[in-house]
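As stored in final05.tsv (TSV, C-alpha atoms):
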chain	number	residue	atom	x	y	z
A	832	MET	CA	51.01	140.19	122.26
A	833	THR	CA	50.80	143.74	123.54
A	834	LYS	CA	48.81	145.96	121.20
A	835	ILE	CA	49.75	149.59	120.61
A	836	LEU	CA	47.65	152.23	118.87
A	837	TYR	CA	49.92	155.01	117.67
A	838	VAL	CA	48.28	158.28	116.63
A	839	GLU	CA	50.66	160.42	114.57
A	840	ASP	CA	50.18	162.57	111.49
A	841	GLU	CA	53.82	162.59	110.26
A	842	HIS	CA	54.40	159.74	107.85
A	843	ASP	CA	58.16	159.53	108.46
A	844	ILE	CA	57.62	159.21	112.20
A	845	GLN	CA	54.82	156.67	111.74
A	846	VAL	CA	57.10	154.39	109.75
A	847	ILE	CA	60.16	154.56	112.00
A	848	ALA	CA	58.14	154.19	115.21
A	849	GLN	CA	56.22	151.20	113.89
A	850	MET	CA	59.44	149.55	112.81
A	851	ALA	CA	61.08	150.17	116.17
A	852	LEU	CA	58.12	148.98	118.22
A	853	GLU	CA	57.54	145.83	116.15
A	854	THR	CA	61.13	144.84	115.48
A	855	VAL	CA	62.65	145.44	118.89
A	856	GLY	CA	59.62	145.36	121.18
A	857	GLY	CA	57.65	142.62	119.44
A	858	PHE	CA	54.49	144.71	119.81
A	859	GLU	CA	51.50	144.67	117.50
A	860	VAL	CA	51.13	148.23	116.22
A	861	THR	CA	48.28	149.98	114.44
A	862	ILE	CA	48.86	153.49	113.13
A	863	CYS	CA	46.24	156.21	112.88
A	864	GLY	CA	47.01	159.44	111.04
A	865	SER	CA	44.56	161.64	112.95
A	866	GLY	CA	42.57	161.87	116.14
A	867	MET	CA	39.37	161.20	114.24
A	868	GLU	CA	40.80	158.01	112.76
A	869	ALA	CA	41.87	156.91	116.24
A	870	LEU	CA	38.35	157.35	117.56
A	871	GLN	CA	37.03	155.19	114.74
A	872	THR	CA	39.71	152.52	115.21
A	873	VAL	CA	40.14	152.16	118.94
A	874	ALA	CA	37.11	150.01	119.73
A	875	GLY	CA	37.87	147.42	117.07
A	876	PHE	CA	41.58	147.22	117.84
A	877	ALA	CA	41.30	147.27	121.65
A	878	PRO	CA	44.85	148.48	122.34
A	879	ASP	CA	46.71	147.84	125.58
A	880	ILE	CA	48.28	151.29	125.32
A	881	ILE	CA	47.84	154.38	123.14
A	882	LEU	CA	50.69	156.61	121.99
A	883	LEU	CA	49.44	160.07	121.08
A	884	ASP	CA	51.21	162.84	119.19
A	885	VAL	CA	50.32	166.23	120.66
A	886	MET	CA	50.60	168.59	117.69
A	887	MET	CA	48.32	167.35	114.92
A	888	PRO	CA	46.13	169.26	112.47
A	889	GLY	CA	42.40	169.09	113.15
A	890	MET	CA	41.97	167.37	116.51
A	891	ASP	CA	45.20	167.84	118.42
A	892	GLY	CA	46.54	165.32	120.92
A	893	ILE	CA	44.81	166.81	123.93
A	894	GLN	CA	41.43	166.93	122.18
A	895	THR	CA	41.91	163.37	120.97
A	896	TYR	CA	42.82	162.24	124.48
A	897	GLN	CA	39.69	163.81	125.93
A	898	ALA	CA	37.51	162.26	123.23
A	899	LEU	CA	39.11	158.83	123.74
A	900	ARG	CA	38.50	159.04	127.48
A	901	ARG	CA	34.79	159.56	126.83
A	902	LEU	CA	34.63	156.16	125.08
A	903	PRO	CA	33.80	153.42	127.60
A	904	GLU	CA	36.07	150.89	125.83
A	905	CYS	CA	39.20	152.96	126.43
A	906	ALA	CA	38.30	154.98	129.48
A	907	ALA	CA	41.11	153.26	131.40
A	908	THR	CA	43.58	152.47	128.61
A	909	PRO	CA	47.02	153.97	129.37
A	910	VAL	CA	47.76	156.94	127.10
A	911	VAL	CA	51.27	158.26	126.49
A	912	PHE	CA	51.86	161.64	124.91
A	913	MET	CA	54.72	161.90	122.43
A	914	THR	CA	55.79	165.48	121.98
A	915	ALA	CA	58.61	167.92	121.40
A	916	LYS	CA	57.03	170.26	123.93
A	917	VAL	CA	58.54	168.84	127.09
A	918	GLN	CA	59.24	171.75	129.38
A	919	ALA	CA	58.53	170.81	133.00
A	920	GLY	CA	55.19	172.63	133.10
A	921	GLU	CA	54.05	171.04	129.85
A	922	VAL	CA	54.91	167.52	131.01
A	923	GLN	CA	53.13	168.08	134.32
A	924	HIS	CA	50.07	169.28	132.43
A	925	TYR	CA	49.91	166.01	130.45
A	926	LEU	CA	50.32	163.96	133.63
A	927	ASP	CA	47.66	166.01	135.43
A	928	LEU	CA	45.28	165.20	132.58
A	929	GLY	CA	45.80	161.53	133.40
A	930	ALA	CA	48.49	160.48	130.93
A	931	ALA	CA	50.47	157.37	131.86
A	932	GLY	CA	53.67	159.02	130.65
A	933	VAL	CA	55.36	161.36	128.20
A	934	ILE	CA	57.94	160.34	125.62
A	935	PRO	CA	59.95	163.30	124.33
A	936	LYS	CA	60.45	163.88	120.63
A	937	PRO	CA	62.75	163.43	118.92
A	938	PHE	CA	62.83	159.88	120.29
A	939	ASP	CA	65.56	157.29	119.89
A	940	PRO	CA	64.22	154.42	117.73
A	941	MET	CA	66.61	152.01	119.44
A	942	THR	CA	65.12	152.65	122.90
A	943	LEU	CA	61.50	153.52	122.05
A	944	ALA	CA	60.20	149.99	122.69
A	945	ASP	CA	61.95	149.88	126.08
A	946	ASP	CA	60.50	153.27	127.00
A	947	VAL	CA	56.99	152.08	126.18
A	948	GLN	CA	57.50	148.80	128.05
A	949	ALA	CA	58.72	150.70	131.13
A	950	ILE	CA	55.56	152.81	131.13
A	951	LEU	CA	53.42	149.67	130.73
A	952	ASN	CA	55.25	148.04	133.64
A	953	GLY	CA	54.61	151.13	135.74
A	954	CYS	CA	50.91	150.95	134.93
A	955	ASP	CA	50.78	147.27	135.97
A	956	GLU	CA	52.36	148.08	139.33
A	957	ARG	CA	49.79	150.76	140.14
B	402	MET	CA	73.46	144.77	120.39
B	403	ASN	CA	71.08	141.81	120.09
B	404	ASP	CA	69.74	140.41	116.81
B	405	LYS	CA	66.56	142.50	116.89
B	406	GLU	CA	68.50	145.70	117.51
B	407	GLN	CA	70.93	144.77	114.76
B	408	LEU	CA	68.03	144.29	112.36
B	409	LEU	CA	66.50	147.62	113.35
B	410	SER	CA	69.86	149.33	112.96
B	411	GLN	CA	70.12	148.04	109.39
B	412	GLN	CA	66.58	149.15	108.62
B	413	LEU	CA	67.30	152.57	110.09
B	414	GLU	CA	70.25	153.14	107.80
B	415	ALA	CA	68.01	152.81	104.74
B	416	MET	CA	65.37	155.04	106.30
B	417	GLN	CA	67.91	157.71	107.19
B	418	LEU	CA	69.01	157.90	103.58
B	419	ALA	CA	65.43	158.20	102.34
B	420	TYR	CA	64.68	160.86	104.94
B	421	ALA	CA	67.77	162.89	104.00
B	422	GLN	CA	66.74	162.79	100.36
B	423	LYS	CA	63.34	164.24	101.26
B	424	LEU	CA	64.77	167.08	103.35
B	425	PRO	CA	65.30	169.55	100.45
B	426	ASP	CA	61.61	169.28	99.54
B	427	LYS	CA	60.60	169.80	103.17
B	428	ILE	CA	62.79	172.90	103.40
B	429	ALA	CA	61.43	174.22	100.10
B	430	ALA	CA	57.88	173.85	101.41
B	431	ILE	CA	58.80	175.74	104.58
B	432	LYS	CA	60.42	178.52	102.54
B	433	ALA	CA	57.34	178.75	100.32
B	434	ASP	CA	55.05	179.09	103.36
B	435	TRP	CA	57.32	181.77	104.81
B	436	GLN	CA	57.30	183.75	101.55
B	437	GLN	CA	53.53	183.42	101.40
B	438	LEU	CA	53.26	184.65	104.98
B	439	ARG	CA	55.45	187.66	104.19
B	440	LEU	CA	53.31	188.55	101.19
B	441	GLN	CA	49.96	187.91	102.81
B	442	PRO	CA	49.89	187.36	106.58
B	443	ALA	CA	47.25	184.80	107.49
B	444	GLU	CA	46.75	182.60	110.53
B	445	GLN	CA	46.22	179.51	108.41
B	446	THR	CA	49.53	180.01	106.59
B	447	PHE	CA	51.32	180.58	109.88
B	448	ASP	CA	49.81	177.42	111.38
B	449	GLU	CA	50.83	175.39	108.34
B	450	LEU	CA	54.37	176.79	108.44
B	451	ASN	CA	54.64	176.12	112.16
B	452	ARG	CA	53.37	172.56	111.73
B	453	LYS	CA	56.01	171.81	109.11
B	454	VAL	CA	58.80	173.27	111.22
B	455	HIS	CA	57.56	171.43	114.31
B	456	GLY	CA	57.56	168.20	112.32
B	457	LEU	CA	61.26	168.61	111.63
B	458	ILE	CA	61.98	169.11	115.33
B	459	GLY	CA	60.37	165.77	116.06
B	460	SER	CA	61.80	163.83	113.16
B	461	GLY	CA	65.33	165.19	112.52
B	462	ALA	CA	67.19	163.66	115.44
B	463	THR	CA	65.08	160.49	115.32
B	464	PHE	CA	66.60	159.90	111.89
B	465	GLY	CA	70.08	160.73	113.17
B	466	PHE	CA	70.21	164.40	112.19
B	467	ALA	CA	70.27	166.23	115.51
B	468	GLU	CA	71.36	169.51	113.93
B	469	VAL	CA	68.18	169.57	111.85
B	470	SER	CA	66.04	169.24	114.99
B	471	LYS	CA	68.10	171.91	116.73
B	472	ALA	CA	67.85	174.40	113.85
B	473	ALA	CA	64.12	173.69	113.47
B	474	GLN	CA	63.63	174.33	117.19
B	475	ALA	CA	65.40	177.68	116.85
B	476	LEU	CA	63.16	178.55	113.89
B	477	GLU	CA	60.01	177.54	115.78
B	478	ASP	CA	61.09	179.76	118.69
B	479	GLY	CA	61.78	182.59	116.25
B	480	LEU	CA	58.37	182.20	114.63
B	481	SER	CA	56.74	182.31	118.05
B	482	VAL	CA	58.44	185.65	118.74
B	483	TYR	CA	57.58	186.87	115.24
B	484	SER	CA	53.89	186.11	115.78
B	485	HIS	CA	53.68	187.60	119.27
B	486	VAL	CA	56.01	190.59	119.20
B	487	PRO	CA	55.06	193.44	116.85
B	488	HIS	CA	57.74	194.80	114.52
B	489	THR	CA	59.96	191.71	114.77
B	490	GLU	CA	62.37	191.87	111.83
B	491	PRO	CA	61.58	189.26	109.15
B	492	ALA	CA	65.33	189.08	108.56
B	493	THR	CA	65.60	187.17	111.84
B	494	ILE	CA	63.41	184.43	110.39
B	495	ASP	CA	65.32	184.53	107.09
B	496	SER	CA	68.51	183.91	109.04
B	497	LEU	CA	67.06	181.03	111.08
B	498	LEU	CA	65.64	179.51	107.91
B	499	ALA	CA	69.06	179.71	106.26
B	500	GLU	CA	70.55	177.87	109.25
B	501	LEU	CA	67.91	175.16	108.95
B	502	GLU	CA	68.64	174.81	105.25
B	503	SER	CA	72.35	174.54	105.99
B	504	ALA	CA	71.70	171.81	108.60
B	505	ALA	CA	69.53	169.94	106.09
B	506	ASN	CA	72.21	170.20	103.40
B	507	SER	CA	74.79	168.85	105.84
B	508	ALA	CA	72.44	165.95	106.63
B	509	GLY	CA	72.20	165.21	102.92
B	510	CYS	CA	75.98	165.22	102.58
B	511	ALA	CA	76.44	163.02	105.67
B	512	SER	CA	73.94	160.44	104.41
B	513	ASN	CA	75.80	160.14	101.11
B	514	LYS	CA	79.06	159.16	102.77
B	515	PRO	CA	79.91	155.47	102.39

Would you mind giving the structure from this file in structure tokens?
Amino acid sequence: MTKILYVEDEHDIQVIAQMALETVGGFEVTICGSGMEALQTVAGFAPDIILLDVMMPGMDGIQTYQALRRLPECAATPVVFMTAKVQAGEVQHYLDLGAAGVIPKPFDPMTLADDVQAILNGCDER
Amino acid sequence: MNDKEQLLSQQLEAMQLAYAQKLPDKIAAIKADWQQLRLQPAEQTFDELNRKVHGLIGSGATFGFAEVSKAAQALEDGLSVYSHVPHTEPATIDSLLAELESAANSAGCASNKP
């Protein structure tokens, strides 16, 4: 089963995303409420892909991404940014950092699992 | 719609209702931060206000309330101008906040329909 680590501080979004990814996608999902929690969780969970909110208090998504990349166990794990800031320049910035993709917020719960699967498929083809 | 999507759709309906019921509290918290910012400008208060507004952009339409996301986006844009352009009228933010509150009230009404 594909394992997803979702890093998101908003409780409402955590719940709806987990439901969508598990119910429709059949993924195994672990939620972390902060970047720091993600850093503590990632090695033990060994996700196949990481979904990362950009705007979080404390460590934001970019800082979390950079810290995750410094960990040998997830140096190559695909990371997808989930953000409401999706102007062309902003998206390109995330991709230039090495993100596997960007999912715009607000997202559609009915298609979220398909969007994640499409990004995973793209990673497999590379 | 397959069985899994049908199940998710049913779960979403319950979540939408719960989310709509929480909206008045979220708006009240935003209004409180804005009043605090007016009384005593501080970067921390602005960041907290902005974070709450940004949260509504990301969550509103996900729960089926696109107008909430749209109004929150307009407020976030207004706050950005307010913080960067000196002498921006606070009334502009008051107006955008009132529009967000109206969108949230409409969401509450919509979620109560049978």

Quick one: contact table of chain B to chain A, 7 Å max, nearest atom pair and distance in Å to one decimal per residue, counting all atoms listed in the file, chain and number order, as JSON lines?
{"residue": "B:Lys405", "atom": "CA", "partner": "A:Val855", "partner_atom": "CA", "distance": 5.3}
{"residue": "B:Glu406", "atom": "CA", "partner": "A:Val855", "partner_atom": "CA", "distance": 6.0}
{"residue": "B:Leu409", "atom": "CA", "partner": "A:Thr854", "partner_atom": "CA", "distance": 6.4}
{"residue": "B:Ile458", "atom": "CA", "partner": "A:Pro937", "partner_atom": "CA", "distance": 6.8}
{"residue": "B:Gly459", "atom": "CA", "partner": "A:Pro937", "partner_atom": "CA", "distance": 4.4}
{"residue": "B:Ser460", "atom": "CA", "partner": "A:Pro937", "partner_atom": "CA", "distance": 5.9}
{"residue": "B:Ala462", "atom": "CA", "partner": "A:Pro937", "partner_atom": "CA", "distance": 5.6}
{"residue": "B:Thr463", "atom": "CA", "partner": "A:Pro937", "partner_atom": "CA", "distance": 5.2}

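Of the listed residues A:Leu882, A:Leu836, A:Val922, A:Ala877, the one whose atoms come nearest to Asp946 (chain A) is A:Leu882, with distances taken using all atoms listed in the file.
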
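For the atom pair formed by CA of Ala907 (chain A) and CA of Asp927 (chain A), the distance is 14.9 Å, given to one decimal.
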
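Across B:Ala475, B:Leu450, B:Ala467, B:Cys510, the tightest approach to Lys427 (chain B) is made by B:Leu450 when counting only C-alpha atoms.
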
**Message:** Using Å and a single decimal, report how far CA of Glu500 (chain B) sits from CA of Gln436 (chain B).
**Reply:** 16.4 Å

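Pairwise distance (CA of Gly953 (chain A), CA of Tyr925 (chain A)) equals 16.5 Å.
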
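Near region 484-490 of chain B, within 12 Å and counting only C-alpha atoms, sit Leu438, Arg439, Pro442, Ala443, Glu444, Thr446, Phe447, Asp448, Leu450, Asn451, Glu477, Asp478, Gly479, Leu480, Ile494, Asp495, Ser496 and Leu497 of chain B, not including residues fewer than 4 positions from it in the same chain.
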
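In terms of minimum interatomic distance to Gln849 (chain A), B:Gln412 ranks closest within B:Val482, B:Ile428, B:Ala419, B:Gln412, counting only C-alpha atoms.
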
**Asked** Which residues come within 9 Å of Ala869 (chain A), counting all atoms listed in the file, excluding same-chain residues fewer than 2 positions away, as a VMD selection string?
**Response** chain A and resid 836 to 838 862 to 867 871 to 873 895 899

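Each of A:Glu839, A:Cys954, A:Lys834, A:Phe858 was compared to Gly456 (chain B) using only C-alpha atoms, and A:Glu839 turns out to be the nearest.
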
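When all atoms listed in the file are used to measure the gap to Ser481 (chain B), the shortest distance among B:Gly465, B:Pro425, B:Val454, B:Met402 belongs to B:Val454.
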
**Request:** Up to 10 Å from (54.5, 159.7, 133.7) in the file's coordinates: name the residues, counting all atoms listed in the file, as a VMD selection string.
**Result:** chain A and resid 910 to 912 922 to 923 925 to 927 929 to 934 950 953 to 954
